[in-house]
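Below is protein_39.txt, holding compact mmCIF, C-alpha atoms.
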# COMPACT_ATOMS: atom_id res chain seq x y z
CA MET A 32 24.32 -6.47 11.43
CA LEU A 33 27.23 -8.93 11.62
CA GLY A 34 26.38 -12.58 12.27
CA CYS A 35 27.13 -16.26 11.70
CA ALA A 36 23.61 -17.76 11.92
CA ARG A 37 22.17 -17.03 8.51
CA ASP A 38 18.80 -18.71 9.02
CA ILE A 39 18.10 -17.12 12.39
CA VAL A 40 18.98 -13.59 11.27
CA GLU A 41 17.11 -13.87 7.98
CA SER A 42 14.06 -15.31 9.77
CA ALA A 43 13.98 -12.32 12.11
CA GLY A 44 14.81 -10.00 9.22
CA VAL A 45 17.26 -7.11 9.44
CA PRO A 46 17.91 -4.13 7.17
CA ARG A 47 21.47 -5.15 6.25
CA PHE A 48 23.27 -8.38 7.10
CA VAL A 49 26.92 -9.34 6.73
CA PHE A 50 27.01 -13.12 7.02
CA SER A 51 30.17 -15.06 7.79
CA ASP A 52 29.98 -18.84 7.45
CA PHE A 53 31.91 -19.38 10.69
CA PRO A 54 31.12 -21.19 13.95
CA LEU A 55 28.92 -19.10 16.25
CA GLY A 56 30.94 -16.57 18.22
CA ASN A 57 33.02 -15.14 15.36
CA SER A 58 30.72 -12.59 13.76
CA ALA A 59 33.49 -10.01 13.51
CA GLY A 60 36.15 -12.30 12.04
CA LYS A 61 38.43 -15.23 12.68
CA PRO A 62 40.44 -15.03 15.90
CA PHE A 63 43.85 -13.38 15.51
CA ASP A 64 43.23 -12.95 11.78
CA LEU A 65 43.53 -9.35 10.70
CA THR A 66 42.51 -10.09 7.10
CA SER A 67 39.02 -11.37 7.90
CA GLN A 68 38.47 -8.89 10.75
CA GLN A 69 39.32 -5.91 8.56
CA GLY A 70 37.51 -7.37 5.58
CA ILE A 71 34.27 -8.03 7.45
CA LEU A 72 34.15 -4.54 8.93
CA ALA A 73 34.89 -3.08 5.49
CA LEU A 74 31.99 -5.06 4.00
CA ALA A 75 29.70 -3.79 6.77
CA LEU A 76 30.66 -0.17 6.10
CA ASP A 77 30.29 -0.65 2.34
CA LEU A 78 26.86 -2.19 2.91
CA LEU A 79 25.75 0.79 5.02
CA ASP A 80 26.65 3.00 2.08
CA SER A 81 25.24 0.84 -0.69
CA ALA A 82 22.14 -1.05 0.51
CA ARG A 83 18.90 0.13 -1.06
CA ALA A 84 16.35 -2.23 0.51
CA PRO A 85 15.82 -4.25 3.70
CA ARG A 86 16.98 -7.89 3.98
CA THR A 87 20.12 -7.16 1.98
CA THR A 88 22.57 -9.96 2.82
CA VAL A 89 26.23 -10.02 1.89
CA GLN A 90 28.21 -13.20 2.51
CA THR A 91 31.85 -12.66 3.37
CA PRO A 92 34.42 -14.57 1.29
CA TYR A 93 36.36 -15.98 4.24
CA ARG A 94 36.45 -19.65 5.14
CA TRP A 95 36.80 -20.97 8.67
CA SER A 96 38.88 -23.92 7.53
CA GLU A 97 39.74 -25.91 4.44
CA ASP A 98 36.84 -28.29 4.93
CA ALA A 99 33.36 -27.97 6.45
CA ALA A 100 33.88 -30.55 9.19
CA TRP A 101 33.14 -28.00 11.93
CA LYS A 102 29.51 -28.00 10.77
CA ARG A 103 29.12 -31.56 12.08
CA ASP A 104 29.32 -30.72 15.73
CA PHE A 105 26.89 -28.03 16.87
CA TYR A 106 23.75 -29.47 18.54
CA LYS A 107 24.89 -32.96 17.63
CA LEU A 108 22.34 -35.53 18.72
CA ASP A 109 24.25 -38.80 18.90
CA MET A 110 24.36 -38.78 22.70
CA THR A 111 24.15 -41.68 25.09
CA PRO A 112 21.18 -41.59 27.48
CA GLU A 113 23.60 -40.49 30.21
CA GLN A 114 24.97 -37.62 28.10
CA LEU A 115 21.43 -36.66 27.22
CA ALA A 116 20.36 -36.57 30.86
CA LYS A 117 23.41 -34.51 31.74
CA ALA A 118 22.72 -32.03 28.93
CA ARG A 119 19.12 -31.70 30.10
CA GLU A 120 20.23 -31.17 33.69
CA GLU A 121 22.71 -28.48 32.67
CA MET A 122 20.13 -26.74 30.50
CA ASP A 123 17.58 -26.78 33.34
CA GLY A 124 20.23 -25.30 35.63
CA GLN A 125 21.07 -22.49 33.20
CA LYS A 126 17.40 -21.72 32.68
CA ALA A 127 16.90 -21.50 36.44
CA VAL A 128 19.86 -19.11 36.75
CA LEU A 129 18.40 -16.86 34.06
CA ALA A 130 14.89 -16.99 35.60
CA ALA A 131 16.33 -16.00 38.99
CA LYS A 132 18.25 -13.12 37.43
CA LEU A 133 15.14 -11.84 35.67
CA ALA A 134 13.06 -12.21 38.83
CA GLY A 135 15.66 -10.21 40.76
CA ASP A 136 15.50 -7.27 38.37
CA MET B 1361 13.88 -54.52 -1.57
CA THR B 1362 16.89 -52.58 -0.46
CA THR B 1363 16.84 -50.16 2.36
CA THR B 1364 19.06 -47.14 2.62
CA GLU B 1365 20.12 -45.95 6.01
CA ALA B 1366 19.32 -42.31 6.66
CA PRO B 1367 22.56 -40.35 6.78
CA THR B 1368 23.69 -39.64 10.32
CA GLU B 1369 25.75 -36.61 9.37
CA PHE B 1370 24.29 -33.12 9.05
CA ILE B 1371 23.86 -32.29 5.39
CA GLU B 1372 25.40 -28.84 5.90
CA ALA B 1373 28.74 -30.52 6.65
CA THR B 1374 28.44 -32.81 3.64
CA LEU B 1375 27.49 -30.06 1.19
CA ASP B 1376 29.21 -27.15 2.97
CA LEU B 1377 25.97 -25.16 3.38
CA PRO B 1378 25.27 -22.59 6.09
CA VAL B 1379 24.28 -24.43 9.27
CA ARG B 1380 20.50 -24.50 9.81
CA TYR B 1381 20.46 -23.46 13.44
CA ILE B 1382 16.67 -23.22 13.71
CA ASP B 1383 16.22 -26.86 12.67
CA ARG B 1384 19.10 -28.05 14.79
CA SER B 1385 18.05 -26.22 17.94
CA ARG B 1386 14.46 -27.45 17.62
CA ASN B 1387 15.61 -31.03 17.26
CA TYR B 1388 18.09 -30.62 20.08
CA TYR B 1389 15.54 -29.30 22.56
CA LEU B 1390 12.97 -31.91 21.53
CA THR B 1391 15.58 -34.64 22.01
CA LEU B 1392 16.41 -33.24 25.42
CA GLY B 1393 12.75 -33.67 26.32
CA TYR B 1394 11.48 -30.10 26.14
CA ASP B 1395 8.12 -30.11 24.44
CA ASN B 1396 8.15 -26.39 23.63
CA PRO B 1397 11.25 -25.67 21.56
CA TYR B 1398 12.26 -22.04 21.24
CA ARG B 1399 10.37 -20.15 18.55
CA TRP B 1400 12.82 -17.94 16.74
CA ALA B 1401 11.70 -14.46 15.78
CA HIS B 1402 10.04 -14.18 12.39
CA ASN B 1403 9.00 -10.85 10.93
CA THR B 1404 7.28 -10.44 7.60
CA GLU B 1405 8.02 -6.72 7.50
CA VAL B 1406 11.53 -5.40 7.95
CA PRO B 1407 12.26 -1.69 8.32
CA PHE B 1408 14.85 0.12 6.26
CA THR B 1409 16.23 3.61 6.62
CA PRO B 1410 18.77 4.77 4.04
CA MET B 1411 21.86 6.50 5.38
CA THR B 1412 21.51 10.27 5.22
CA ARG B 1413 25.23 10.78 4.68
CA PRO B 1414 28.10 8.55 3.59
CA VAL B 1415 29.84 6.51 6.25
CA ARG B 1416 32.98 8.62 5.70
CA GLU B 1417 31.04 11.58 7.12
CA ALA B 1418 28.80 9.68 9.53
CA ARG B 1419 28.76 8.94 13.25
CA ILE B 1420 28.68 5.19 13.68
CA ALA B 1421 28.02 3.21 16.86
CA ILE B 1422 28.68 -0.42 17.68
CA VAL B 1423 26.00 -2.49 19.39
CA THR B 1424 27.09 -5.71 21.06
CA THR B 1425 25.59 -8.59 23.02
CA ALA B 1426 28.82 -9.05 25.00
CA ALA B 1427 28.88 -8.65 28.78
CA PRO B 1428 31.24 -6.71 31.04
CA TYR B 1429 33.67 -9.11 32.68
CA ASN B 1430 32.39 -9.81 36.18
CA PRO B 1431 34.95 -11.43 38.51
CA ALA B 1432 32.11 -12.69 40.73
CA ALA B 1433 30.31 -14.59 37.96
CA GLY B 1434 32.52 -17.62 37.37
CA ASP B 1435 34.49 -18.67 34.29
CA GLN B 1436 34.26 -16.18 31.44
CA GLY B 1437 37.64 -16.92 29.91
CA PRO B 1438 38.67 -18.77 26.74
CA TRP B 1439 36.80 -22.09 26.32
CA ALA B 1440 34.45 -21.26 29.22
CA SER B 1441 31.30 -23.35 29.20
CA TYR B 1442 27.91 -21.68 28.86
CA ASN B 1443 27.60 -19.36 31.84
CA ALA B 1444 24.18 -17.87 32.55
CA ASP B 1445 25.57 -16.27 35.73
CA ALA B 1446 27.49 -13.87 33.50
CA LYS B 1447 24.37 -12.63 31.74
CA PHE B 1448 23.36 -8.98 32.08
CA THR B 1449 19.69 -8.14 32.11
CA ARG B 1450 19.50 -4.48 31.09
CA VAL B 1451 20.73 -2.40 28.18
CA TYR B 1452 23.98 -0.61 29.02
CA SER B 1453 26.44 1.71 27.34
CA THR B 1454 30.16 1.97 27.99
CA PRO B 1455 32.98 4.24 26.77
CA ILE B 1456 35.18 2.75 24.03
CA ASP B 1457 38.36 4.35 25.42
CA PRO B 1458 39.96 2.59 27.11
CA ALA B 1459 38.53 -0.51 25.45
CA PRO B 1460 36.09 -2.23 27.83
CA ASP B 1461 36.68 -5.86 28.84
CA LEU B 1462 33.64 -7.56 27.31
CA ARG B 1463 33.09 -11.33 27.20
CA ILE B 1464 30.62 -13.77 25.64
CA SER B 1465 30.54 -16.76 28.01
CA HIS B 1466 26.84 -16.00 28.63
CA VAL B 1467 25.68 -16.77 25.09
CA GLY B 1468 25.33 -20.02 23.15
CA TYR B 1469 28.26 -19.89 20.77
CA ASP B 1470 30.04 -22.94 19.35
CA ARG B 1471 31.90 -24.35 22.35
CA LYS B 1472 33.87 -26.86 20.32
CA HIS B 1473 35.30 -24.57 17.64
CA THR B 1474 35.20 -21.10 19.19
CA SER B 1475 37.62 -20.20 21.97
CA ALA B 1476 36.46 -16.59 22.46
CA GLU B 1477 40.04 -15.69 23.34
CA ASP B 1478 40.33 -12.92 20.74
CA VAL B 1479 37.84 -10.16 21.51
CA ASN B 1480 38.21 -8.91 17.93
CA ALA B 1481 36.41 -12.02 16.66
CA TYR B 1482 33.18 -10.97 18.38
CA LEU B 1483 33.63 -7.22 18.97
CA PRO B 1484 35.11 -5.22 16.06
CA LEU B 1485 35.97 -2.23 18.25
CA GLN B 1486 39.69 -2.08 17.51
CA ARG B 1487 39.08 -2.60 13.79
CA ALA B 1488 36.45 0.17 13.86
CA LYS B 1489 38.84 2.55 15.62
CA GLU B 1490 41.38 1.89 12.88
CA ALA B 1491 38.74 2.49 10.19
CA ALA B 1492 37.87 5.80 11.86
CA SER B 1493 41.51 6.89 12.05
CA GLU B 1494 41.91 6.02 8.37
CA GLY B 1495 38.87 8.14 7.50
CA ARG B 1496 36.59 5.26 6.43
CA ILE B 1497 34.25 6.14 9.32
CA GLY B 1498 33.49 9.81 9.96
CA GLN B 1499 33.30 9.44 13.71
CA LEU B 1500 33.14 6.31 15.81
CA ASN B 1501 30.70 6.98 18.64
CA GLU B 1502 32.53 7.46 21.93
CA ARG B 1503 30.46 4.79 23.63
CA LEU B 1504 29.06 1.48 22.51
CA TYR B 1505 25.73 -0.02 23.45
CA ALA B 1506 24.90 -3.51 24.61
CA VAL B 1507 21.66 -5.43 24.40
CA PRO B 1508 20.91 -8.36 26.73
CA THR B 1509 20.20 -11.89 25.50
CA LEU B 1510 17.36 -13.17 27.67
CA ARG B 1511 15.45 -15.63 25.47
CA SER B 1512 12.52 -13.22 25.53
CA GLN B 1513 11.41 -11.57 22.33
CA ARG B 1514 9.01 -9.48 24.34
CA LEU B 1515 11.82 -7.95 26.42
CA THR B 1516 13.98 -7.46 23.33
CA THR B 1517 11.36 -5.74 21.20
CA GLU B 1518 9.29 -3.91 23.79
CA ARG B 1519 11.89 -2.90 26.37
CA ASP B 1520 15.47 -3.23 25.11
CA ALA B 1521 15.25 -2.13 21.47
CA PRO B 1522 13.52 1.17 22.37
CA GLU B 1523 16.25 1.82 24.96
CA ILE B 1524 18.95 1.23 22.34
CA LEU B 1525 17.12 3.60 19.97
CA GLN B 1526 16.98 6.22 22.71
CA LEU B 1527 20.77 5.97 23.20
CA CYS B 1528 21.29 6.27 19.43
CA ARG B 1529 19.21 9.44 19.39
CA GLU B 1530 20.99 10.93 22.42
CA ASP B 1531 24.31 10.48 20.62
CA ARG B 1532 22.91 11.57 17.25
CA ILE B 1533 24.37 8.61 15.46
CA ASP B 1534 23.80 8.09 11.74
CA GLY B 1535 24.30 4.33 11.64
CA ALA B 1536 24.81 1.36 13.95
CA ILE B 1537 26.50 -2.00 13.51
CA LEU B 1538 24.91 -4.72 15.63
CA VAL B 1539 27.23 -7.64 16.24
CA ALA B 1540 25.39 -10.83 17.14
CA THR B 1541 26.99 -13.65 19.04

Would you put the structure from the file into structure tokens?
Amino acid sequence: MLGCARDIVESAGVPRFVFSDFPLGNSAGKPFDLTSQQGILALALDLLDSARAPRTTVQTPYRWSEDAAWKRDFYKLDMTPEQLAKAREEMDGQKAVLAAKLAGD
Amino acid sequence: MTTTEAPTEFIEATLDLPVRYIDRSRNYYLTLGYDNPYRWAHNTEVPFTPMTRPVREARIAIVTTAAPYNPAAGDQGPWASYNADAKFTRVYSTPIDPAPDLRISHVGYDRKHTSAEDVNAYLPLQRAKEAASEGRIGQLNERLYAVPTLRSQRLTTERDAPEILQLCREDRIDGAILVAT
């Protein structure tokens, strides 16, 4: 498996995990960056060949950026009450859309 | 007595650790006022099947959570906001030639730092085709499989995973690479 959320994947548990310490949405490599895209797939193929036990995690050597500032932003909580209410409203809306889709199946 | 203010910044940014998404999402949903934050899957036993042949001789399939582009479902382009309308609800398979137009606006990726404008960042299909033509993969399966993301572990484990396994068996694949988003 290729992924960017180490804790979530390792909590679920998978046979083989190639972890990239990138923002969510880039499990297969950095955008428009052949080096990381080729390197991550190569690590996945190597891991298929070499793993001997479940929960084998390999962390890729690539960095998203020089510093780790991007890790400040996801699910940030310093919202004003208005921003909070808006986020809640949007989340309720998305949940309703999904519920309707599932009901229509 | 001196008091120290609790740091307001996430420690993963300060120490450059992997982001703890489980903690963050729990706190986020609690702050938003939901009293039942999502319980992430947790298995104490994890299966493992060794490869029966080396990847150079094996048939390998890609499994994605990406969705077919649907012109009727709103913005699915670069920097699209979270779009539940674009979700698909059943396992599907699709030929890899020509490359399908698959998008990820329906999942909760990092909207501030991820543009989703390069499909190769979330779907390694082109890179896998190259690896196959170079001989690193015996055969890349002619179709890929996709598993829906429905916030339901019951649907994933009891309905969708068995369907993916069935597809793998139909195609006689030796190994699969699941790409999470």

Hey, what's within 12 Å of A:Asp109 if we count only C-alpha atoms and toss same-chain stuff fewer than 4 positions away? As a PyMOL selection string, please? (chain A and resi 103-105+113-115) or (chain B and resi 1368-1370+1387-1388+1391-1392)

Store the residues picked out above, limited to C-alpha atoms, as a PDB file, in the coordinates of the input.
ATOM      1  CA  ARG A 103      29.120 -31.560  12.080  1.00  0.00           C
ATOM      2  CA  ASP A 104      29.320 -30.720  15.730  1.00  0.00           C
ATOM      3  CA  PHE A 105      26.890 -28.030  16.870  1.00  0.00           C
ATOM      4  CA  GLU A 113      23.600 -40.490  30.210  1.00  0.00           C
ATOM      5  CA  GLN A 114      24.970 -37.620  28.100  1.00  0.00           C
ATOM      6  CA  LEU A 115      21.430 -36.660  27.220  1.00  0.00           C
TER       7      LEU A 115
ATOM      8  CA  THR B1368      23.690 -39.640  10.320  1.00  0.00           C
ATOM      9  CA  GLU B1369      25.750 -36.610   9.370  1.00  0.00           C
ATOM     10  CA  PHE B1370      24.290 -33.120   9.050  1.00  0.00           C
ATOM     11  CA  ASN B1387      15.610 -31.030  17.260  1.00  0.00           C
ATOM     12  CA  TYR B1388      18.090 -30.620  20.080  1.00  0.00           C
ATOM     13  CA  THR B1391      15.580 -34.640  22.010  1.00  0.00           C
ATOM     14  CA  LEU B1392      16.410 -33.240  25.420  1.00  0.00           C
TER      15      LEU B1392
END

Distance query A:Phe63 at most 12 Å, only C-alpha atoms, self and fewer than 3 positions along chain excluded, as a ChimeraX atom specification: /A:57,59-60,66-69 /B:1475-1482,1484,1487

Would you mind listing, as a PyMOL selection string, all residues of chain A that have at least one atom within 8 Å of chain B, where all atoms listed in the file are what counts? chain A and resi 32-39+42-46+52+54-63+68-69+72+75-76+79-80+82-86+98-108+115-116+118-119+125-126+128-129+132-133+136

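One finds atom CA of B:Asn1501 at 20.6 Å from atom CA of A:Val49.
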
Starting from the point (15.4, 3.9, 19.0), work out which residues of protein, DNA or RNA have an atom no more than 12 Å away when counting all atoms listed in the file; state them as a list in words.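 Protein and nucleic acid residues near the point are Tyr1505, Thr1517, Glu1518, Arg1519, Asp1520, Ala1521, Pro1522, Glu1523, Ile1524, Leu1525, Gln1526, Leu1527, Cys1528, Arg1529, Glu1530, Asp1531, Arg1532, Ile1533, Asp1534, Gly1535 and Ala1536 of chain B.
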
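Put simply, atom CA of A:Gly124 is 26.4 Å away from atom CA of B:Asp1461.
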
For atom CA of A:Arg47 and atom CA of B:Val1451, determine how far apart the two atoms are, in Å to one decimal place.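 Separation of atom CA of A:Arg47 and atom CA of B:Val1451: 22.1 Å.
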
Where's the centre, and what are the edge lengths in Å to one decimal, of a box along x, y and z enclosing all listed atoms of stretch 109-112 of chain A padded 6 Å per side, as AutoDock Vina command-line options?
--center_x 22.8 --center_y -40.2 --center_z 23.2 --size_x 15.2 --size_y 14.9 --size_z 20.6
